[in-house]
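Data block for my_file-v7.txt (compact mmCIF, C-alpha atoms and all ligand atoms):
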```
# COMPACT_ATOMS: atom_id res chain seq x y z
CA MET A 1 -42.37 -19.97 218.39
CA ASN A 2 -39.62 -19.08 216.00
CA ILE A 3 -37.91 -22.00 214.20
CA ARG A 4 -34.69 -21.29 212.30
CA TYR A 5 -33.46 -24.10 210.11
CA PHE A 6 -29.85 -24.37 208.93
CA ASP A 7 -28.52 -26.93 206.51
CA THR A 8 -25.18 -27.22 208.34
CA LEU A 9 -23.92 -25.94 211.66
CA GLU A 10 -20.98 -26.94 213.78
CA SER A 11 -23.33 -27.48 216.71
CA THR A 12 -26.75 -25.97 217.34
CA ASN A 13 -25.82 -25.46 221.01
CA ASN A 14 -22.64 -23.61 220.04
CA TYR A 15 -24.56 -21.49 217.54
CA CYS A 16 -26.96 -20.43 220.33
CA LYS A 17 -24.02 -19.49 222.55
CA LEU A 18 -23.04 -16.85 219.98
CA LEU A 19 -26.47 -15.20 220.07
CA ASP A 20 -27.32 -12.33 222.37
CA LEU A 21 -29.83 -14.25 224.45
CA ASN A 22 -31.22 -11.01 225.92
CA THR A 23 -32.63 -10.06 222.56
CA VAL A 24 -33.59 -13.54 221.35
CA GLU A 25 -37.23 -14.45 221.85
CA GLU A 26 -37.96 -17.29 224.25
CA PHE A 27 -38.71 -20.58 222.47
CA THR A 28 -36.51 -19.76 219.50
CA VAL A 29 -35.49 -23.09 217.96
CA ILE A 30 -32.23 -23.55 216.06
CA CYS A 31 -32.31 -26.69 213.98
CA ALA A 32 -29.60 -28.18 211.74
CA GLY A 33 -29.82 -30.89 209.10
CA LYS A 34 -26.17 -31.64 209.70
CA GLN A 35 -23.82 -30.87 212.59
CA THR A 36 -20.11 -31.01 211.92
CA ALA A 37 -19.10 -31.00 215.60
CA GLY A 38 -22.15 -32.03 217.63
CA ILE A 39 -21.53 -32.06 221.36
CA GLY A 40 -22.69 -34.72 223.79
CA GLN A 41 -22.67 -34.92 227.56
CA GLN A 42 -19.39 -34.88 229.45
CA GLY A 43 -17.43 -33.52 226.51
CA ASN A 44 -18.33 -36.42 224.22
CA VAL A 45 -19.07 -36.08 220.54
CA TRP A 46 -22.71 -36.35 219.44
CA ASN A 47 -22.74 -38.41 216.26
CA SER A 48 -25.80 -38.18 214.02
CA GLU A 49 -26.09 -39.11 210.34
CA PRO A 50 -26.79 -35.89 208.36
CA TYR A 51 -30.46 -35.18 207.53
CA LYS A 52 -31.65 -38.41 209.16
CA ASN A 53 -32.32 -37.26 212.69
CA LEU A 54 -33.39 -34.22 214.66
CA THR A 55 -30.59 -32.08 216.05
CA PHE A 56 -31.80 -28.81 217.48
CA SER A 57 -31.57 -26.42 220.42
CA ILE A 58 -34.31 -24.43 222.10
CA ILE A 59 -33.70 -21.20 223.96
CA LEU A 60 -35.72 -20.94 227.14
CA LYS A 61 -35.85 -18.24 229.80
CA PRO A 62 -37.01 -19.99 232.96
CA THR A 63 -36.39 -17.01 235.21
CA PHE A 64 -38.90 -18.51 237.67
CA LEU A 65 -36.37 -21.25 238.52
CA SER A 66 -33.74 -20.73 241.17
CA THR A 67 -30.19 -21.84 240.41
CA ALA A 68 -30.56 -24.73 242.84
CA ASP A 69 -33.52 -26.04 240.86
CA GLN A 70 -31.69 -26.16 237.56
CA TYR A 71 -32.08 -29.92 237.28
CA GLN A 72 -35.85 -29.42 237.00
CA LEU A 73 -35.28 -28.06 233.53
CA THR A 74 -33.49 -31.24 232.54
CA MET A 75 -36.33 -33.21 234.08
CA MET A 76 -38.93 -31.25 232.10
CA LEU A 77 -37.12 -31.88 228.80
CA ALA A 78 -36.71 -35.57 229.55
CA VAL A 79 -40.43 -35.96 230.34
CA ALA A 80 -41.41 -34.09 227.16
CA VAL A 81 -39.14 -36.19 224.93
CA ALA A 82 -40.21 -39.41 226.67
CA LYS A 83 -43.89 -38.52 226.08
CA THR A 84 -43.20 -37.83 222.41
CA THR A 85 -41.37 -41.15 222.08
CA MET A 86 -44.29 -42.95 223.75
CA GLU A 87 -46.68 -41.31 221.27
CA LEU A 88 -44.52 -42.49 218.38
CA LEU A 89 -43.87 -45.95 219.84
CA PRO A 90 -46.98 -46.74 221.91
CA HIS A 91 -46.16 -50.44 222.26
CA HIS A 92 -42.53 -50.06 223.30
CA PRO A 93 -41.08 -49.57 226.77
CA VAL A 94 -39.88 -45.95 226.79
CA LYS A 95 -37.91 -44.82 229.84
CA ILE A 96 -35.82 -41.93 231.11
CA LYS A 97 -32.36 -43.06 232.06
CA TRP A 98 -31.12 -40.72 234.74
CA PRO A 99 -30.52 -37.92 234.35
CA ASN A 100 -31.97 -37.29 230.91
CA ASP A 101 -31.29 -39.95 228.28
CA ILE A 102 -34.35 -41.42 226.62
CA TYR A 103 -34.27 -45.18 226.25
CA VAL A 104 -36.38 -47.67 224.34
CA SER A 105 -35.85 -51.02 226.05
CA ASP A 106 -32.10 -50.96 226.74
CA ARG A 107 -31.20 -48.64 223.87
CA LYS A 108 -30.70 -44.89 223.72
CA ILE A 109 -32.89 -42.96 221.27
CA CYS A 110 -32.29 -39.40 222.45
CA GLY A 111 -29.73 -37.34 224.30
CA ILE A 112 -30.24 -33.92 225.88
CA LEU A 113 -27.61 -31.32 226.71
CA THR A 114 -28.62 -28.17 228.57
CA THR A 115 -26.47 -25.18 229.45
CA ALA A 116 -27.99 -22.57 231.71
CA THR A 117 -26.87 -19.01 232.36
CA VAL A 118 -27.54 -17.81 235.86
CA ASN A 119 -28.12 -14.33 237.20
CA HIS A 120 -27.73 -14.04 240.98
CA GLN A 121 -29.97 -16.77 242.39
CA HIS A 122 -32.04 -17.32 239.28
CA ILE A 123 -31.71 -18.89 235.88
CA ASP A 124 -31.62 -16.27 233.18
CA SER A 125 -31.65 -18.39 230.06
CA ALA A 126 -30.95 -21.91 228.94
CA ILE A 127 -29.80 -23.53 225.73
CA CYS A 128 -31.48 -26.90 225.55
CA GLY A 129 -29.95 -29.17 222.91
CA ILE A 130 -31.75 -32.29 221.77
CA GLY A 131 -30.46 -35.06 219.54
CA PHE A 132 -33.33 -37.39 218.65
CA ASN A 133 -32.64 -40.42 216.46
CA VAL A 134 -35.41 -40.75 213.90
CA ASN A 135 -34.43 -42.28 210.55
CA GLN A 136 -30.85 -43.46 211.10
CA THR A 137 -30.65 -47.25 210.90
CA VAL A 138 -26.89 -47.84 210.92
CA PHE A 139 -24.71 -46.46 213.71
CA PRO A 140 -20.95 -46.48 214.16
CA ALA A 141 -19.82 -49.38 216.33
CA TRP A 142 -18.38 -47.07 219.01
CA ILE A 143 -21.78 -45.66 219.96
CA PRO A 144 -23.07 -47.67 222.91
CA ASN A 145 -26.52 -49.27 222.34
CA PRO A 146 -28.16 -46.72 220.00
CA THR A 147 -31.60 -46.98 218.44
CA SER A 148 -33.98 -44.82 216.40
CA ILE A 149 -37.68 -44.54 215.63
CA ALA A 150 -37.04 -46.17 212.22
CA LEU A 151 -35.20 -49.10 213.78
CA GLN A 152 -38.11 -49.65 216.16
CA THR A 153 -40.89 -49.32 213.58
CA GLY A 154 -39.19 -50.55 210.39
CA GLN A 155 -40.15 -47.40 208.48
CA GLU A 156 -39.05 -43.82 207.81
CA HIS A 157 -40.78 -40.93 209.55
CA ASP A 158 -41.35 -37.26 208.74
CA LEU A 159 -38.78 -35.21 210.64
CA GLY A 160 -40.88 -32.02 210.48
CA LEU A 161 -43.89 -33.69 212.07
CA ILE A 162 -41.82 -35.20 214.85
CA LEU A 163 -40.21 -31.83 215.53
CA GLN A 164 -43.68 -30.25 215.85
CA LEU A 165 -44.76 -32.99 218.24
CA LEU A 166 -41.62 -32.57 220.36
CA LEU A 167 -42.01 -28.80 220.53
CA LYS A 168 -45.68 -29.06 221.50
CA ASN A 169 -44.82 -31.48 224.31
CA ILE A 170 -41.94 -29.29 225.48
CA GLU A 171 -44.29 -26.28 225.61
CA ASN A 172 -46.81 -28.28 227.67
CA GLU A 173 -44.24 -29.66 230.11
CA TYR A 174 -42.65 -26.23 230.44
CA LEU A 175 -46.03 -24.87 231.58
CA LEU A 176 -46.27 -27.73 234.06
CA LEU A 177 -42.78 -26.94 235.34
CA ARG A 178 -43.87 -23.38 235.97
CA ASN A 179 -47.26 -24.17 237.49
CA ASN A 180 -46.98 -27.59 239.07
CA PRO A 181 -43.42 -28.91 239.38
CA ASP A 182 -44.50 -31.68 241.79
CA VAL A 183 -46.65 -33.29 239.10
CA LEU A 184 -43.76 -33.05 236.67
CA LYS A 185 -41.48 -34.81 239.16
CA GLU A 186 -44.05 -37.60 239.60
CA GLN A 187 -44.10 -38.09 235.83
CA TYR A 188 -40.31 -38.19 235.77
CA LEU A 189 -40.16 -40.76 238.57
CA LYS A 190 -42.81 -42.93 236.91
CA SER A 191 -40.76 -43.12 233.72
CA MET A 192 -37.36 -43.68 235.31
CA TYR A 193 -35.33 -46.49 233.79
CA ARG A 194 -34.79 -49.39 236.23
CA ARG A 195 -36.40 -47.56 239.14
CA GLY A 196 -37.29 -50.09 241.83
CA VAL A 197 -35.45 -52.87 239.99
CA PRO A 198 -32.16 -54.19 241.45
CA SER A 199 -29.45 -53.27 238.97
CA GLN A 200 -25.69 -53.19 238.64
CA PHE A 201 -23.87 -49.89 238.96
CA LYS A 202 -20.27 -48.92 238.54
CA LEU A 203 -18.72 -46.54 241.05
CA ASN A 204 -15.12 -45.74 240.13
CA GLU A 205 -13.85 -49.25 239.41
CA ASP A 206 -16.27 -51.06 241.74
CA ILE A 207 -19.44 -52.77 240.66
CA PHE A 208 -22.30 -52.87 243.15
CA ILE A 209 -25.93 -53.88 243.13
CA GLY A 210 -28.50 -51.33 244.16
CA THR A 211 -32.03 -50.20 243.50
CA ILE A 212 -32.92 -46.71 242.33
CA GLU A 213 -35.37 -45.01 244.67
CA GLY A 214 -35.57 -41.68 242.83
CA VAL A 215 -33.84 -38.31 242.72
CA ASP A 216 -33.29 -35.77 245.49
CA ARG A 217 -34.12 -32.07 245.24
CA PHE A 218 -30.83 -31.36 243.49
CA GLY A 219 -31.42 -34.07 240.90
CA HIS A 220 -28.90 -36.47 242.44
CA LEU A 221 -29.68 -40.15 241.99
CA ILE A 222 -30.76 -41.96 245.18
CA ILE A 223 -29.84 -45.63 245.36
CA ASN A 224 -30.75 -48.16 248.05
CA PRO A 225 -29.63 -49.78 250.24
CA GLY A 226 -28.67 -46.80 252.33
CA LYS A 227 -30.33 -44.05 250.28
CA ARG A 228 -26.91 -43.14 248.91
CA SER A 229 -27.01 -40.13 246.64
CA PHE A 230 -24.83 -39.78 243.57
CA ASP A 231 -23.96 -36.96 241.25
CA LEU A 232 -23.52 -37.32 237.52
CA LYS A 233 -20.20 -38.91 236.49
CA GLU A 234 -19.91 -40.59 239.90
CA VAL A 235 -22.02 -43.60 239.09
CA GLN A 236 -22.83 -45.48 235.89
CA PHE A 237 -25.28 -48.17 234.98
CA VAL A 238 -23.88 -51.48 233.89
CA ILE A 239 -26.19 -52.44 231.02
C1 LIG A 301 -25.84 -36.70 225.08
O1 LIG A 301 -24.63 -36.92 225.07
O2 LIG A 301 -26.63 -37.59 225.40
C2 LIG A 301 -26.37 -35.34 224.75
C3 LIG A 301 -26.50 -35.17 223.28
C4 LIG A 301 -27.04 -33.83 222.85
C5 LIG A 301 -26.96 -33.67 221.35
C6 LIG A 301 -27.66 -32.45 220.85
S1 LIG A 301 -27.82 -32.43 219.11
C7 LIG A 301 -28.35 -30.79 219.15
C8 LIG A 301 -27.53 -30.07 220.20
N1 LIG A 301 -26.33 -29.56 219.61
C9 LIG A 301 -25.24 -30.18 220.06
O3 LIG A 301 -24.07 -29.96 219.68
N2 LIG A 301 -25.58 -31.09 220.97
C10 LIG A 301 -27.01 -31.11 221.20
```
Mind turning this structure into structure tokens?
Ligand code: BTN
Amino acid sequence: MNIRYFDTLESTNNYCKLLDLNTVEEFTVICAGKQTAGIGQQGNVWNSEPYKNLTFSIILKPTFLSTADQYQLTMMLAVAVAKTTMELLPHHPVKIKWPNDIYVSDRKICGILTTATVNHQHIDSAICGIGFNVNQTVFPAWIPNPTSIALQTGQEHDLGLILQLLLKNIENEYLLLRNNPDVLKEQYLKSMYRRGVPSQFKLNEDIFIGTIEGVDRFGHLIINPGKRSFDLKEVQFVI
């Protein structure tokens, strides 16, 4: 594994996009102490206090995955980050909020943003960006329900050690994705936030009550009654 640390980057994901991924070794990690234009899901900004948290991207080459199975990559990363969070916070409820946010109780501790490049029917390479809140204890008011390891434990933690732990878990789950994706899916389902618990969802401007059953083979969320399946952006939790 090759870890490249930068003091400041615009965005570790954007930095990776400028690399020639054909010549970059798989599992290269680009890490920044500070991002000046961190990117979140759905075009949002990813806000992270400089040097307090982990903001990094990993380059993977999951050529064994077909384009249709792209969501399995997201699932693998979510399981690896959730496991790491459970190791750091063994007495806290750690869950994966579909599709790939990591929650502690009802608060978000980590966000994941993956961009894959496809070649015919297969994935060629993927830039997997992870923003993991470690030592930040004050967040801007506009960030919805954030938390961090320090807020949960009341103490500061070593960023380097947590990065090592995350990378080890990602390596392990990546092997599982390659060798036994069904087991990985079981782990994902077991950790899903509010699975099996009636919850409120927002669909366009309507609020409805439903219960998450799981995800289908494309990674769409399945909600009962009616086993309705939803794509990202279509449906939101009301927390
Ligand atoms: C989300 O909105 O939940 C996804 C957040 C992803 C943030 C990480 S931080 C490292 C990498 N570089 C970016 O610009 N974004 C991702």
Please return the centre and edge lengths, in Å to one decimal, of a box with edges along x, y and z that contains all listed atoms of ligand LIG 301 (chain A), widened by 5 Å on every side, as lines of an AutoDock Vina configuration file.
```
center_x = -26.2
center_y = -33.6
center_z = 222.3
size_x = 14.3
size_y = 18.0
size_z = 16.3
```
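Contacts with ligand LIG 301 (chain A) are defined as any residue atom within 7 Å of a ligand atom, using all atoms listed in the file; the residues meeting this criterion are A:Ser11, A:Thr12, A:Asn13, A:Asn14, A:Ala37, A:Gly38, A:Ile39, A:Gly40, A:Gln41, A:Asn44, A:Trp46, A:Thr55, A:Phe56, A:Ser57, A:Asp101, A:Cys110, A:Gly111, A:Ile112, A:Leu113, A:Gly129, A:Ile130, A:Gly131.
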The selected residues should be written to file as a PDB file, in the coordinates of the input (atoms: C-alpha atoms).
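And here is the file that came out, again06.pdb:
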```pdb
ATOM      1  CA  SER A  11     -23.330 -27.480 216.710  1.00  0.00           C
ATOM      2  CA  THR A  12     -26.750 -25.970 217.340  1.00  0.00           C
ATOM      3  CA  ASN A  13     -25.820 -25.460 221.010  1.00  0.00           C
ATOM      4  CA  ASN A  14     -22.640 -23.610 220.040  1.00  0.00           C
ATOM      5  CA  ALA A  37     -19.100 -31.000 215.600  1.00  0.00           C
ATOM      6  CA  GLY A  38     -22.150 -32.030 217.630  1.00  0.00           C
ATOM      7  CA  ILE A  39     -21.530 -32.060 221.360  1.00  0.00           C
ATOM      8  CA  GLY A  40     -22.690 -34.720 223.790  1.00  0.00           C
ATOM      9  CA  GLN A  41     -22.670 -34.920 227.560  1.00  0.00           C
ATOM     10  CA  ASN A  44     -18.330 -36.420 224.220  1.00  0.00           C
ATOM     11  CA  TRP A  46     -22.710 -36.350 219.440  1.00  0.00           C
ATOM     12  CA  THR A  55     -30.590 -32.080 216.050  1.00  0.00           C
ATOM     13  CA  PHE A  56     -31.800 -28.810 217.480  1.00  0.00           C
ATOM     14  CA  SER A  57     -31.570 -26.420 220.420  1.00  0.00           C
ATOM     15  CA  ASP A 101     -31.290 -39.950 228.280  1.00  0.00           C
ATOM     16  CA  CYS A 110     -32.290 -39.400 222.450  1.00  0.00           C
ATOM     17  CA  GLY A 111     -29.730 -37.340 224.300  1.00  0.00           C
ATOM     18  CA  ILE A 112     -30.240 -33.920 225.880  1.00  0.00           C
ATOM     19  CA  LEU A 113     -27.610 -31.320 226.710  1.00  0.00           C
ATOM     20  CA  GLY A 129     -29.950 -29.170 222.910  1.00  0.00           C
ATOM     21  CA  ILE A 130     -31.750 -32.290 221.770  1.00  0.00           C
ATOM     22  CA  GLY A 131     -30.460 -35.060 219.540  1.00  0.00           C
TER      23      GLY A 131
END
```
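Closest approach to Arg4 (chain A) from the set A:Leu184, A:Cys16, A:Val238, A:Ala141 is made by A:Cys16, with distances taken over all atoms listed in the file.
With only C-alpha atoms as the atoms that count, the minimum distance from Trp98 (chain A) to the choices A:Arg194, A:Lys168, A:Arg228, A:His157 is reached by A:Arg194.
Residue nearest Asp206 (chain A) within the list A:Leu166, A:Leu54, A:Val235, A:Leu19: A:Val235 [criterion: smallest interatomic distance, only C-alpha atoms].
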Legend entry - Residue with smallest distance to Asn53 (chain A) - pool A:Tyr188, A:Phe208, A:Tyr193, A:Phe139, counting all atoms listed in the file: A:Phe139
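One distance worth recording is that between CA of Leu77 (chain A) and CA of Ile123 (chain A), which is 15.8 Å.
Proximity of A:Leu159, A:Ala150, A:Ala68, A:Cys128 to Ile30 (chain A), computed with all atoms listed in the file, is greatest for A:Cys128.
We find CA of Lys97 (chain A) and CA of Met75 (chain A) to be spaced 10.8 Å apart.
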Restrict the output to region 32-58 of chain A and N, CA and C atoms, then write it as a short mmCIF file (atom, residue, chain, number, x, y, z; two decimals), in the first residue's frame.
```cif
data_model
loop_
_atom_site.label_atom_id
_atom_site.label_comp_id
_atom_site.auth_asym_id
_atom_site.auth_seq_id
_atom_site.Cartn_x
_atom_site.Cartn_y
_atom_site.Cartn_z
N ALA A 32 -5.18 14.12 2.77
CA ALA A 32 -4.89 15.56 2.94
C ALA A 32 -5.23 15.99 4.36
N GLY A 33 -4.36 16.83 4.93
CA GLY A 33 -4.65 17.39 6.25
C GLY A 33 -5.78 18.41 6.15
N LYS A 34 -5.82 19.06 4.99
CA LYS A 34 -6.81 20.12 4.79
C LYS A 34 -7.33 20.05 3.36
N GLN A 35 -8.62 20.14 3.17
CA GLN A 35 -9.19 20.22 1.82
C GLN A 35 -9.81 21.60 1.69
N THR A 36 -9.52 22.27 0.58
CA THR A 36 -10.10 23.61 0.42
C THR A 36 -11.44 23.56 -0.31
N ALA A 37 -11.73 22.45 -0.97
CA ALA A 37 -13.02 22.33 -1.67
C ALA A 37 -13.45 20.86 -1.65
N GLY A 38 -13.60 20.33 -0.44
CA GLY A 38 -14.02 18.93 -0.28
C GLY A 38 -15.42 18.72 -0.86
N ILE A 39 -15.59 17.58 -1.50
CA ILE A 39 -16.87 17.31 -2.17
C ILE A 39 -17.65 16.25 -1.42
N GLY A 40 -18.94 16.49 -1.27
CA GLY A 40 -19.82 15.51 -0.64
C GLY A 40 -20.74 14.89 -1.68
N GLN A 41 -21.66 14.06 -1.21
CA GLN A 41 -22.61 13.43 -2.13
C GLN A 41 -23.54 14.48 -2.72
N GLN A 42 -24.05 14.16 -3.87
CA GLN A 42 -25.05 14.98 -4.56
C GLN A 42 -24.61 16.43 -4.73
N GLY A 43 -23.33 16.61 -5.01
CA GLY A 43 -22.82 17.96 -5.28
C GLY A 43 -22.69 18.84 -4.04
N ASN A 44 -22.86 18.28 -2.86
CA ASN A 44 -22.71 19.08 -1.65
C ASN A 44 -21.24 19.31 -1.34
N VAL A 45 -21.01 20.25 -0.44
CA VAL A 45 -19.65 20.51 0.04
C VAL A 45 -19.39 19.55 1.21
N TRP A 46 -18.13 19.05 1.30
CA TRP A 46 -17.78 18.27 2.49
C TRP A 46 -16.94 19.17 3.39
N ASN A 47 -17.50 19.52 4.54
CA ASN A 47 -16.82 20.43 5.45
C ASN A 47 -16.10 19.64 6.52
N SER A 48 -14.80 19.93 6.72
CA SER A 48 -14.04 19.21 7.71
C SER A 48 -12.98 20.16 8.27
N GLU A 49 -12.90 20.29 9.57
CA GLU A 49 -11.93 21.22 10.16
C GLU A 49 -10.51 20.73 9.83
N PRO A 50 -9.64 21.62 9.30
CA PRO A 50 -8.30 21.19 8.90
C PRO A 50 -7.56 20.45 10.01
N TYR A 51 -6.88 19.38 9.63
CA TYR A 51 -6.00 18.57 10.50
C TYR A 51 -6.71 17.85 11.66
N LYS A 52 -8.01 17.92 11.71
CA LYS A 52 -8.72 17.30 12.83
C LYS A 52 -9.29 15.94 12.46
N ASN A 53 -9.54 15.76 11.18
CA ASN A 53 -10.26 14.55 10.75
C ASN A 53 -9.46 13.82 9.67
N LEU A 54 -10.00 12.70 9.23
CA LEU A 54 -9.37 12.00 8.10
C LEU A 54 -10.14 12.33 6.83
N THR A 55 -9.41 12.82 5.85
CA THR A 55 -10.00 13.06 4.52
C THR A 55 -9.02 12.44 3.52
N PHE A 56 -9.46 11.37 2.91
CA PHE A 56 -8.55 10.66 2.00
C PHE A 56 -9.33 9.92 0.92
N SER A 57 -8.59 9.52 -0.12
CA SER A 57 -9.20 8.73 -1.20
C SER A 57 -8.30 7.53 -1.47
N ILE A 58 -8.93 6.42 -1.77
CA ILE A 58 -8.19 5.21 -2.12
C ILE A 58 -8.52 4.85 -3.56
#
```
